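A.B. asks: Just one file: model_7.txt, with compact mmCIF, C-alpha atoms.
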```txt
# COMPACT_ATOMS: atom_id res chain seq x y z
CA MET A 1 105.37 112.21 192.21
CA ILE A 2 101.97 110.83 193.23
CA LEU A 3 102.18 112.95 196.34
CA PHE A 4 103.12 115.94 194.21
CA SER A 5 100.11 115.56 191.92
CA LYS A 6 97.91 115.37 195.00
CA LEU A 7 99.44 118.58 196.33
CA ILE A 8 98.74 120.76 193.28
CA MET A 9 95.07 121.64 193.81
CA PRO A 10 95.30 122.29 197.58
CA ILE A 11 98.42 124.44 197.03
CA ILE A 12 96.78 126.51 194.28
CA ILE A 13 93.75 127.13 196.50
CA ILE A 14 95.65 128.00 199.68
CA THR A 15 98.00 130.34 197.79
CA ILE A 16 95.15 132.25 196.16
CA ILE A 17 93.09 132.51 199.32
CA SER A 18 95.90 133.51 201.68
CA TYR A 19 97.19 136.10 199.19
CA ALA A 20 93.73 137.67 198.96
CA PHE A 21 93.28 137.36 202.73
CA PHE A 22 96.44 139.34 203.51
CA LYS A 23 95.49 141.90 200.88
CA LYS A 24 92.27 142.32 202.91
CA ASN A 25 90.08 141.58 199.92
CA ASN A 26 86.43 140.68 200.16
CA ILE A 27 87.20 137.01 199.50
CA TYR A 28 83.76 135.56 200.10
CA GLU A 29 82.03 138.05 197.80
CA SER A 30 84.56 137.44 195.02
CA PHE A 31 84.02 133.70 195.30
CA ILE A 32 80.22 133.98 195.08
CA LYS A 33 80.48 136.38 192.13
CA GLY A 34 82.77 133.97 190.26
CA ALA A 35 80.74 130.87 191.11
CA LYS A 36 77.56 132.57 189.87
CA GLU A 37 79.28 133.41 186.63
CA GLY A 38 80.43 129.79 186.43
CA VAL A 39 76.86 128.51 186.71
CA GLU A 40 75.66 130.79 183.90
CA MET A 41 78.70 129.91 181.82
CA THR A 42 78.08 126.17 182.09
CA ILE A 43 74.40 126.48 181.24
CA ASN A 44 75.30 128.57 178.19
CA LEU A 45 77.70 125.82 177.17
CA PHE A 46 74.98 123.17 176.99
CA PRO A 47 73.90 123.81 173.36
CA TYR A 48 77.52 123.64 172.14
CA ILE A 49 78.26 120.43 174.02
CA LEU A 50 74.98 118.87 172.89
CA ALA A 51 75.73 119.73 169.25
CA MET A 52 79.25 118.32 169.43
CA ILE A 53 78.43 115.13 171.35
CA PHE A 54 75.53 114.46 168.97
CA SER A 55 77.55 114.67 165.78
CA ILE A 56 80.71 113.05 167.18
CA ASN A 57 78.86 110.08 168.67
CA ILE A 58 76.94 109.44 165.46
CA ILE A 59 80.11 109.13 163.42
CA VAL A 60 81.91 107.13 166.12
CA LYS A 61 79.08 104.63 166.58
CA SER A 62 78.64 104.16 162.81
CA ASN A 63 81.98 102.28 162.84
CA ILE A 64 83.04 103.91 159.58
CA ILE A 65 86.36 104.99 161.08
CA ASN A 66 87.31 101.46 162.18
CA ASP A 67 86.19 99.92 158.89
CA PHE A 68 88.18 102.49 156.95
CA LEU A 69 91.29 101.77 159.02
CA GLY A 70 91.07 98.08 158.18
CA LEU A 71 91.64 99.06 154.56
CA LEU A 72 94.77 101.03 155.45
CA LYS A 73 96.41 98.19 157.42
CA PRO A 74 99.05 97.35 154.76
CA LEU A 75 100.20 100.98 154.75
CA PHE A 76 100.68 101.05 158.53
CA ASP A 77 102.57 97.74 158.37
CA ILE A 78 105.04 99.30 155.93
CA LEU A 79 105.49 102.35 158.20
CA ARG A 80 105.95 99.97 161.17
CA VAL A 81 103.17 101.72 163.08
CA PRO A 82 101.46 99.26 165.45
CA ILE A 83 97.94 98.89 163.99
CA GLU A 84 96.38 98.40 167.44
CA ILE A 85 97.10 102.00 168.34
CA ILE A 86 95.57 103.58 165.21
CA PRO A 87 91.90 103.72 166.31
CA MET A 88 92.99 105.54 169.45
CA ALA A 89 95.21 107.93 167.47
CA ILE A 90 92.36 108.76 165.08
CA MET A 91 89.83 109.22 167.90
CA ARG A 92 92.13 111.37 170.02
CA PRO A 93 91.34 114.78 168.45
CA VAL A 94 87.61 114.00 168.21
CA SER A 95 86.45 112.45 171.45
CA GLY A 96 87.98 112.27 174.92
CA THR A 97 85.62 109.58 176.23
CA ALA A 98 86.08 107.34 173.17
CA THR A 99 89.87 107.61 173.50
CA LEU A 100 89.79 106.78 177.21
CA ALA A 101 87.63 103.73 176.46
CA LEU A 102 90.05 102.58 173.74
CA MET A 103 93.02 103.07 176.06
CA ASN A 104 91.21 101.03 178.70
CA ASP A 105 90.75 98.22 176.15
CA ILE A 106 94.46 98.30 175.31
CA PHE A 107 95.37 98.12 179.01
CA ILE A 108 93.09 95.10 179.49
CA GLN A 109 94.08 93.29 176.30
CA TYR A 110 97.86 93.90 176.18
CA GLY A 111 98.63 94.96 179.75
CA VAL A 112 99.31 98.42 181.10
CA ASP A 113 103.11 97.85 181.22
CA SER A 114 103.37 96.45 177.68
CA PHE A 115 104.77 98.49 174.79
CA LEU A 116 101.23 99.25 173.58
CA GLY A 117 100.10 100.14 177.09
CA ARG A 118 102.91 102.65 177.46
CA LEU A 119 102.35 104.03 173.97
CA ALA A 120 98.62 104.48 174.61
CA SER A 121 99.37 106.28 177.89
CA THR A 122 101.87 108.56 176.18
CA ILE A 123 99.51 109.48 173.35
CA GLN A 124 96.75 110.13 175.86
CA GLY A 125 99.01 112.31 177.99
CA SER A 126 100.68 114.31 175.24
CA THR A 127 97.76 115.23 172.94
CA ASP A 128 94.29 116.68 173.44
CA THR A 129 90.76 116.62 172.00
CA THR A 130 91.39 119.32 169.40
CA ILE A 131 88.06 119.37 167.56
CA TYR A 132 86.12 119.35 170.82
CA ILE A 133 88.18 122.19 172.32
CA LEU A 134 87.95 124.29 169.15
CA THR A 135 84.17 124.01 168.85
CA LEU A 136 83.65 124.61 172.54
CA TYR A 137 85.96 127.63 172.86
CA PHE A 138 85.06 129.30 169.57
CA GLY A 139 81.36 128.49 169.95
CA PHE A 140 81.35 130.03 173.40
CA VAL A 141 82.40 133.47 172.11
CA GLY A 142 80.29 133.20 168.96
CA ILE A 143 83.05 132.77 166.38
CA ASN A 144 82.27 130.62 163.35
CA LYS A 145 85.10 131.66 161.01
CA ILE A 146 87.93 129.79 162.68
CA ARG A 147 90.40 130.26 159.78
CA TYR A 148 93.41 127.93 159.99
CA ALA A 149 92.89 126.90 163.65
CA MET A 150 91.67 123.38 162.85
CA TRP A 151 94.60 122.58 160.56
CA VAL A 152 97.24 123.80 162.99
CA GLY A 153 95.56 121.90 165.85
CA LEU A 154 95.34 118.66 163.87
CA ALA A 155 98.92 119.03 162.60
CA ALA A 156 100.10 119.41 166.20
CA ASP A 157 98.15 116.26 167.13
CA LEU A 158 99.70 114.29 164.30
CA ILE A 159 103.18 115.46 165.32
CA GLY A 160 102.40 114.53 168.94
CA ILE A 161 101.30 111.02 167.97
CA VAL A 162 104.31 110.41 165.72
CA ALA A 163 106.59 111.82 168.45
CA SER A 164 104.96 109.49 171.02
CA ILE A 165 105.58 106.43 168.83
CA VAL A 166 109.20 107.41 168.18
CA VAL A 167 110.04 108.41 171.77
CA VAL A 168 108.35 105.37 173.35
CA SER A 169 110.14 103.02 170.91
CA LEU A 170 113.48 104.63 171.74
CA VAL A 171 113.06 104.77 175.53
CA PHE A 172 111.43 101.44 176.37
CA MET B 1 84.33 125.30 158.87
CA ILE B 2 82.55 124.08 162.01
CA ASN B 3 79.37 124.09 159.94
CA ILE B 4 80.87 121.72 157.39
CA ILE B 5 82.48 119.35 159.88
CA TRP B 6 79.36 119.16 162.02
CA ALA B 7 77.08 118.38 159.08
CA LEU B 8 79.54 115.93 157.49
CA PHE B 9 79.95 113.91 160.71
CA ILE B 10 76.18 113.44 160.92
CA ILE B 11 75.56 112.81 157.22
CA ILE B 12 78.45 110.35 156.88
CA GLY B 13 77.65 108.65 160.19
CA ILE B 14 73.95 108.11 159.50
CA GLY B 15 74.58 107.39 155.81
CA TYR B 16 77.14 104.70 156.62
CA SER B 17 74.89 103.09 159.24
CA LEU B 18 72.02 103.02 156.71
CA ALA B 19 74.27 101.51 154.05
CA MET B 20 75.56 98.84 156.47
CA GLY B 21 72.06 98.15 157.77
CA ASP B 22 73.22 98.72 161.34
CA LEU B 23 70.35 100.87 162.54
CA ASN B 24 70.28 99.85 166.20
CA ALA B 25 73.51 101.60 167.16
CA VAL B 26 72.52 104.81 165.42
CA ASN B 27 69.04 104.86 166.93
CA VAL B 28 70.43 104.32 170.41
CA GLU B 29 73.02 107.03 169.85
CA ILE B 30 70.54 109.66 168.66
CA LEU B 31 68.64 109.30 171.92
CA ASN B 32 71.71 108.84 174.10
CA SER B 33 73.79 111.79 172.98
CA ALA B 34 71.28 114.23 174.43
CA LYS B 35 71.51 112.51 177.80
CA THR B 36 75.31 112.15 177.62
CA SER B 37 75.77 115.85 176.98
CA PHE B 38 73.44 116.77 179.83
CA ASP B 39 75.36 114.45 182.16
CA MET B 40 78.53 116.20 181.07
CA ILE B 41 77.06 119.59 181.93
CA LEU B 42 75.98 118.23 185.31
CA THR B 43 79.53 117.01 186.06
CA MET B 44 81.10 120.20 184.75
CA LEU B 45 78.82 122.68 186.50
CA PRO B 46 80.08 122.30 190.07
CA ILE B 47 83.73 122.12 188.92
CA ILE B 48 83.43 125.25 186.77
CA ALA B 49 81.49 127.16 189.45
CA LEU B 50 84.02 126.25 192.15
CA TRP B 51 87.10 127.12 190.10
CA LEU B 52 85.68 130.26 188.61
CA GLY B 53 84.91 131.31 192.19
CA ILE B 54 88.53 130.63 193.23
CA MET B 55 89.80 132.37 190.11
CA THR B 56 87.70 135.47 190.76
CA ILE B 57 89.36 135.72 194.18
CA ALA B 58 92.74 135.57 192.43
CA LYS B 59 91.64 138.20 189.90
CA ASP B 60 90.12 140.62 192.42
CA SER B 61 93.18 140.41 194.68
CA GLY B 62 95.53 141.19 191.80
CA LEU B 63 97.27 137.81 191.95
CA LEU B 64 96.29 137.02 188.37
CA ASP B 65 97.96 140.24 187.14
CA LYS B 66 101.08 139.35 189.14
CA LEU B 67 101.14 135.96 187.45
CA ALA B 68 100.73 137.56 184.03
CA SER B 69 103.53 140.05 184.65
CA PHE B 70 105.79 137.18 185.77
CA PHE B 71 105.21 135.45 182.44
CA ALA B 72 105.13 138.72 180.48
CA PRO B 73 108.27 138.06 178.37
CA VAL B 74 106.99 134.66 177.17
CA LEU B 75 103.45 135.95 176.69
CA SER B 76 104.43 139.00 174.65
CA PHE B 77 106.55 136.74 172.42
CA LEU B 78 103.68 134.28 171.88
CA PHE B 79 100.91 136.89 171.70
CA PRO B 80 102.37 140.04 170.10
CA GLU B 81 98.88 141.43 169.36
CA ILE B 82 97.69 141.54 172.98
CA PRO B 83 98.40 144.93 174.62
CA LYS B 84 100.63 144.79 177.74
CA GLY B 85 98.70 144.41 181.00
CA HIS B 86 95.48 143.26 179.29
CA GLU B 87 93.35 141.08 181.56
CA SER B 88 93.34 138.19 179.05
CA LEU B 89 97.03 137.54 179.83
CA GLY B 90 96.19 136.55 183.41
CA PHE B 91 93.54 134.10 182.24
CA ILE B 92 95.85 132.70 179.57
CA SER B 93 98.72 132.08 181.99
CA SER B 94 96.52 130.45 184.62
CA ASN B 95 94.90 128.23 181.98
CA ILE B 96 98.28 127.09 180.68
CA ILE B 97 99.69 126.40 184.15
CA ILE B 98 96.68 124.27 185.11
CA ASN B 99 96.95 122.40 181.81
CA LEU B 100 100.60 121.67 182.57
CA PHE B 101 99.43 119.73 185.61
CA GLY B 102 97.05 117.70 183.47
CA LEU B 103 93.89 119.09 185.11
CA GLY B 104 91.96 119.63 181.85
CA ASN B 105 88.52 120.01 183.50
CA VAL B 106 89.74 122.70 185.85
CA ALA B 107 91.51 124.52 183.00
CA THR B 108 88.33 124.84 180.91
CA PRO B 109 86.68 127.75 182.82
CA PHE B 110 89.98 129.68 182.76
CA GLY B 111 90.31 129.04 179.02
CA LEU B 112 86.75 130.21 178.33
CA LYS B 113 87.38 133.41 180.32
CA ALA B 114 90.53 133.96 178.28
CA MET B 115 88.56 133.58 175.04
CA GLU B 116 85.86 135.97 176.27
CA SER B 117 88.52 138.51 177.10
CA LEU B 118 90.36 138.01 173.77
CA GLN B 119 87.04 138.57 172.02
CA THR B 120 86.90 142.12 173.44
CA LEU B 121 90.08 142.86 171.42
CA ASN B 122 88.57 141.36 168.26
CA LYS B 123 87.41 143.76 165.54
CA GLN B 124 85.55 141.17 163.45
CA LYS B 125 83.40 139.42 166.02
CA ASP B 126 82.69 136.32 163.91
CA THR B 127 86.30 135.66 162.90
CA ALA B 128 89.10 134.10 164.93
CA THR B 129 92.09 136.31 165.73
CA ARG B 130 95.71 135.20 165.60
CA SER B 131 96.04 135.37 169.39
CA MET B 132 92.99 133.13 169.81
CA ILE B 133 94.41 130.54 167.44
CA THR B 134 97.82 130.58 169.16
CA PHE B 135 96.08 130.19 172.53
CA LEU B 136 94.05 127.22 171.28
CA VAL B 137 97.14 125.59 169.76
CA LEU B 138 98.71 125.76 173.22
CA ASN B 139 95.58 124.11 174.61
CA THR B 140 95.14 121.39 172.00
CA SER B 141 98.79 120.38 171.69
CA GLY B 142 98.48 118.95 175.19
CA LEU B 143 101.65 120.34 176.77
CA SER B 144 101.89 118.73 180.20
CA ILE B 145 104.30 118.01 183.02
CA ILE B 146 102.10 115.65 185.00
CA PRO B 147 99.45 113.74 183.02
CA THR B 148 97.20 113.30 186.05
CA THR B 149 94.35 111.41 184.33
CA VAL B 150 96.61 108.86 182.63
CA ILE B 151 98.60 108.21 185.80
CA SER B 152 95.47 107.55 187.84
CA LEU B 153 94.19 105.15 185.15
CA ARG B 154 97.55 103.35 185.13
CA VAL B 155 97.34 103.02 188.92
CA MET B 156 93.81 101.60 188.55
CA HIS B 157 95.15 98.95 186.13
CA ASN B 158 97.83 97.89 188.66
CA SER B 159 100.77 99.16 186.65
CA THR B 160 104.12 98.25 188.24
CA ALA B 161 105.44 101.71 187.33
CA PRO B 162 102.55 104.15 186.73
CA MET B 163 104.92 107.14 186.64
CA GLU B 164 107.41 105.81 184.10
CA ILE B 165 105.61 107.54 181.22
CA ILE B 166 106.05 111.07 182.62
CA GLY B 167 109.39 111.63 180.88
CA VAL B 168 108.20 110.51 177.45
CA VAL B 169 104.95 112.47 177.81
CA ILE B 170 106.91 115.66 178.53
CA VAL B 171 109.16 115.09 175.51
CA ALA B 172 106.33 114.14 173.12
CA SER B 173 104.05 117.01 174.20
CA LEU B 174 106.94 119.48 174.05
CA ILE B 175 107.69 118.41 170.47
CA SER B 176 104.06 118.76 169.37
CA THR B 177 103.67 122.12 171.14
CA VAL B 178 106.84 123.62 169.68
CA PHE B 179 106.00 122.44 166.16
CA GLY B 180 102.37 123.49 166.62
CA LEU B 181 103.49 127.00 167.58
CA ILE B 182 105.92 127.19 164.65
CA ILE B 183 103.24 126.08 162.16
CA ASP B 184 100.82 128.55 163.76
CA ARG B 185 103.31 131.42 163.47
CA ILE B 186 104.10 130.70 159.81
CA TRP B 187 100.47 130.15 158.84
CA GLY B 188 99.43 133.33 160.64
CA LYS B 189 102.08 135.36 158.83
CA VAL B 190 101.09 133.91 155.46
CA CYS B 191 97.40 134.68 156.07
CA ASP B 192 98.09 138.26 157.16
CA ASN B 193 100.22 138.96 154.11
CA ARG B 194 97.51 137.98 151.67
```
If you took the structure in this file and wrote it as structure tokens, what would it be?
C.D. replies:
Amino acid sequence: MILFSKLIMPIIIITIISYAFFKKNNIYESFIKGAKEGVEMTINLFPYILAMIFSINIIVKSNIINDFLGLLKPLFDILRVPIEIIPMAIMRPVSGTATLALMNDIFIQYGVDSFLGRLASTIQGSTDTTIYILTLYFGFVGINKIRYAMWVGLAADLIGIVASIVVVSLVF
Amino acid sequence: MINIIWALFIIIGIGYSLAMGDLNAVNVEILNSAKTSFDMILTMLPIIALWLGIMTIAKDSGLLDKLASFFAPVLSFLFPEIPKGHESLGFISSNIIINLFGLGNVATPFGLKAMESLQTLNKQKDTATRSMITFLVLNTSGLSIIPTTVISLRVMHNSTAPMEIIGVVIVASLISTVFGLIIDRIWGKVCDNR
């Protein structure tokens, strides 16, 4: 499997390039055209990323989310949800770097092969940074009326987190 | 929507820090976030340029259209509003395939191209279309076969079995994707009928 995941990128690249090569396309020109577009695209992304990082980091660093969770602890105990995983679950849709840092902490504190370690890995692998993706993608094409997108995305995250807890408890 | 969330995050964040008297963290963060986001752009720029270059080769050679026609049955079921053979379908399928392999950074340029191309079909330029929302649900529900980032972190932490989570990740992400798509479908229908 490790070998397989190392093979993906080289295989994608060699497939694309040999296909274009045998079709006698102007490969080099296409590449330069695309790369140029990529540079412009990334520079145009800067304002959106700046805006999102700014507001997300301010709320993350204010600690309000962690303090609020402390109040909800009895509820999670009743639902038999491990409280240690909650900060990561809450952060997951908002910030990729914060979630990775929290997962790192769980690995160090409880061990990567513990129940919590496996659960953290599963949540990380099976959900994504919804709010970040939505602002980035919609911002990029200039859409500000996103209708029900946020609710569907967050609902899918919640389902993914609950599914992770259930599946990991059943399997390990 | 984005307006409200953006403003609320900042107001609540700064307000709470003021109320708690913890001004150091917030001061540091105000200065740092500008640098953090620029660092992000710097890391993203070469990746996006490289992969958009590769993808343009695939597009110009017709490989992207081939890929889209291979997935046409699935795509026309998920995106009934997109006309057959539209260029966005090639971008959408390549974005989803790369996401399946857990390469989120590489998938971003493909996703942005897909959005740009979906926007050409949009009649109200400031409002999200159903296809766009379905596409983003597919992106945010985290469907993956090989969670590359997690596995490499597990290897770094000397896990005895870094791969053992692959099965549960597939199941959990499949559940959230399927339910996400169902909710999206129902919500979309309800909105259109209003």
A.B. asks: Smallest atom-to-atom distance to chain A: which of B:Ser152, B:Gly85, B:Gly188, B:Ala128, using all atoms listed in the file?
C.D. replies: B:Ala128
A.B. asks: Find, counting all atoms listed in the file, the residue in A:Val39, A:Ile131, A:Val112, A:Ala51 that gets nearest to A:Gly96.
C.D. replies: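 Distance minimum relative to A:Gly96 lands on A:Ile131.
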A.B. asks: Record the distance separating atom CA of B:Met156 and atom CA of A:Gly111, expressed in Å with one decimal.
C.D. replies: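 Going from atom CA of B:Met156 over to atom CA of A:Gly111, I get 12.0 Å.
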A.B. asks: Which residue, A:Pro47, A:Gly139, A:Pro87, A:Gly38, has the smallest gap to chain B when you use only C-alpha atoms?
C.D. replies: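 Result for the nearest residue to chain B: A:Gly38.
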A.B. asks: For each of A:Phe172, A:Leu154, A:Ile65, A:Phe54, take the minimum atom-to-atom distance to A:Ser114, counting all atoms listed in the file, then give the residue where this is smallest.
C.D. replies: A:Phe172
A.B. asks: Leaving out stretch 102-107 of chain B and any residue of its chain fewer than 2 positions from it, which residues lie within 7 Å of it when counting only C-alpha atoms, given as a ChimeraX atom specification?
C.D. replies: /B:47-48,51,95,98-100,109-111,144,146-149
A.B. asks: Would you compute the distance between atom CA of B:Phe9 and atom CA of A:Ile58? Give it in Å to one decimal.
C.D. replies: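 About the pair atom CA of B:Phe9 and atom CA of A:Ile58: they are 7.2 Å apart.
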A.B. asks: Can you tell me, as a list in words, which residues sit within 8 Å of (75.3, 101.6, 160.5) in the file's frame, using only C-alpha atoms?
C.D. replies: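 Every polymer residue passing the test: Lys61, Ser62 and Asn63 of chain A; Gly13, Ile14, Gly15, Tyr16, Ser17, Leu18, Ala19, Met20, Gly21, Asp22, Leu23, Asn24, Ala25 and Val26 of chain B.
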A.B. asks: How far is it from atom CA of A:Ala35 to atom CA of B:Leu50, in Å with one decimal?
C.D. replies: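 Going from atom CA of A:Ala35 over to atom CA of B:Leu50 covers 5.8 Å.
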A.B. asks: Using all atoms listed in the file, can you list as a PyMOL selection string the residues within 8 Å of (103.9, 121.9, 171.2)?
C.D. replies: (chain A and resi 156+160) or (chain B and resi 137-138+141-143+173-181)
A.B. asks: Could you pull the residues within 10 Å of A:Leu158, counting only C-alpha atoms, minus those fewer than 6 positions along the same chain, as a PDB file with C-alpha atoms, keeping the file's coordinate frame?
C.D. replies:
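As written to disk, result-v4.pdb reads:
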```pdb
ATOM      1  CA  ALA A  89      95.210 107.930 167.470  1.00  0.00           C
ATOM      2  CA  ILE A  90      92.360 108.760 165.080  1.00  0.00           C
ATOM      3  CA  ARG A  92      92.130 111.370 170.020  1.00  0.00           C
ATOM      4  CA  PRO A  93      91.340 114.780 168.450  1.00  0.00           C
ATOM      5  CA  THR A 127      97.760 115.230 172.940  1.00  0.00           C
ATOM      6  CA  VAL A 152      97.240 123.800 162.990  1.00  0.00           C
ATOM      7  CA  SER A 164     104.960 109.490 171.020  1.00  0.00           C
TER       8      SER A 164
ATOM      9  CA  SER B 141      98.790 120.380 171.690  1.00  0.00           C
ATOM     10  CA  SER B 176     104.060 118.760 169.370  1.00  0.00           C
ATOM     11  CA  GLY B 180     102.370 123.490 166.620  1.00  0.00           C
TER      12      GLY B 180
END
```
A.B. asks: May I have the residues within 9 Å of A:Val141 as a ChimeraX atom specification, using only C-alpha atoms and disregarding those fewer than 6 positions away in the same chain?
C.D. replies: /B:112,115-116,119,125-126
A.B. asks: Find the residues near B:Ala49: any atom within 9 Å, counting all atoms listed in the file, skip ones fewer than 4 places away on the same chain, and give them as a list in words.
C.D. replies: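 Non-adjacent residues within range: Ile32, Gly34, Ala35, Lys36, Glu37, Gly38, Val39, Glu40, Met41 and Thr42 of chain A; Met44, Leu45, Gly53, Ile54 and Pro109 of chain B.
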A.B. asks: Which is closer to chain A than all the others in B:Val169, B:Leu42, B:Leu64, B:Leu121, using all atoms listed in the file?
C.D. replies: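 Among B:Val169, B:Leu42, B:Leu64, B:Leu121, it is B:Val169 that comes nearest to chain A.
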A.B. asks: Determine, counting all atoms listed in the file, which protein, DNA and RNA residues have an atom within 8 Å of an atom of B:Ser131; residues of the same chain fewer than 4 positions away are not included. Present the result as a PyMOL selection string.
C.D. replies: chain B and resi 79-82+118+135
A.B. asks: Let me make sure I understand: among B:Ile11, B:Ile151, B:Leu52, B:Cys191, which one has the smallest atom-to-atom distance to chain A if we use all atoms listed in the file?
C.D. replies: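 Nearest to chain A: B:Leu52.
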A.B. asks: Some atoms are absent from stretch 107-130 of chain A, so rebuild N, CA and C atoms and return them as a CSV table (one decimal), in the coordinates of the input.
C.D. replies:
```
chain,number,residue,atom,x,y,z
A,107,PHE,N,94.8,98.5,177.7
A,107,PHE,CA,95.4,98.1,179.0
A,107,PHE,C,94.9,96.7,179.4
A,108,ILE,N,93.6,96.4,179.1
A,108,ILE,CA,93.1,95.1,179.5
A,108,ILE,C,93.7,94.0,178.6
A,109,GLN,N,93.7,94.3,177.3
A,109,GLN,CA,94.1,93.3,176.3
A,109,GLN,C,95.6,93.0,176.3
A,110,TYR,N,96.4,94.1,176.3
A,110,TYR,CA,97.9,93.9,176.2
A,110,TYR,C,98.6,94.1,177.5
A,111,GLY,N,98.0,94.7,178.5
A,111,GLY,CA,98.6,95.0,179.8
A,111,GLY,C,99.1,96.4,179.8
A,112,VAL,N,99.0,97.0,181.0
A,112,VAL,CA,99.3,98.4,181.1
A,112,VAL,C,100.8,98.7,180.9
A,113,ASP,N,101.7,97.7,181.3
A,113,ASP,CA,103.1,97.8,181.2
A,113,ASP,C,103.7,97.3,179.9
A,114,SER,N,102.9,96.9,179.0
A,114,SER,CA,103.4,96.4,177.7
A,114,SER,C,103.8,97.7,176.8
A,115,PHE,N,104.4,97.4,175.7
A,115,PHE,CA,104.8,98.5,174.8
A,115,PHE,C,103.5,99.3,174.4
A,116,LEU,N,102.5,98.6,174.0
A,116,LEU,CA,101.2,99.2,173.6
A,116,LEU,C,100.6,100.0,174.7
A,117,GLY,N,100.7,99.5,175.9
A,117,GLY,CA,100.1,100.1,177.1
A,117,GLY,C,100.8,101.5,177.3
A,118,ARG,N,102.1,101.4,177.2
A,118,ARG,CA,102.9,102.6,177.5
A,118,ARG,C,102.7,103.7,176.3
A,119,LEU,N,102.6,103.1,175.1
A,119,LEU,CA,102.4,104.0,174.0
A,119,LEU,C,101.0,104.7,174.1
A,120,ALA,N,100.0,103.9,174.5
A,120,ALA,CA,98.6,104.5,174.6
A,120,ALA,C,98.6,105.6,175.7
A,121,SER,N,99.3,105.3,176.8
A,121,SER,CA,99.4,106.3,177.9
A,121,SER,C,100.1,107.6,177.4
A,122,THR,N,101.1,107.4,176.6
A,122,THR,CA,101.9,108.6,176.2
A,122,THR,C,101.0,109.4,175.2
A,123,ILE,N,100.4,108.7,174.3
A,123,ILE,CA,99.5,109.5,173.4
A,123,ILE,C,98.4,110.2,174.1
A,124,GLN,N,97.8,109.5,175.1
A,124,GLN,CA,96.8,110.1,175.9
A,124,GLN,C,97.3,111.4,176.6
A,125,GLY,N,98.5,111.2,177.2
A,125,GLY,CA,99.0,112.3,178.0
A,125,GLY,C,99.6,113.5,177.2
A,126,SER,N,100.0,113.2,175.9
A,126,SER,CA,100.7,114.3,175.2
A,126,SER,C,99.9,114.9,174.1
A,127,THR,N,98.6,114.6,174.0
A,127,THR,CA,97.8,115.2,172.9
A,127,THR,C,96.4,115.6,173.6
A,128,ASP,N,95.6,116.3,172.8
A,128,ASP,CA,94.3,116.7,173.4
A,128,ASP,C,93.2,116.6,172.4
A,129,THR,N,91.9,116.8,172.9
A,129,THR,CA,90.8,116.6,172.0
A,129,THR,C,90.6,117.9,171.2
A,130,THR,N,91.3,118.1,170.1
A,130,THR,CA,91.4,119.3,169.4
A,130,THR,C,90.0,119.8,168.9
```
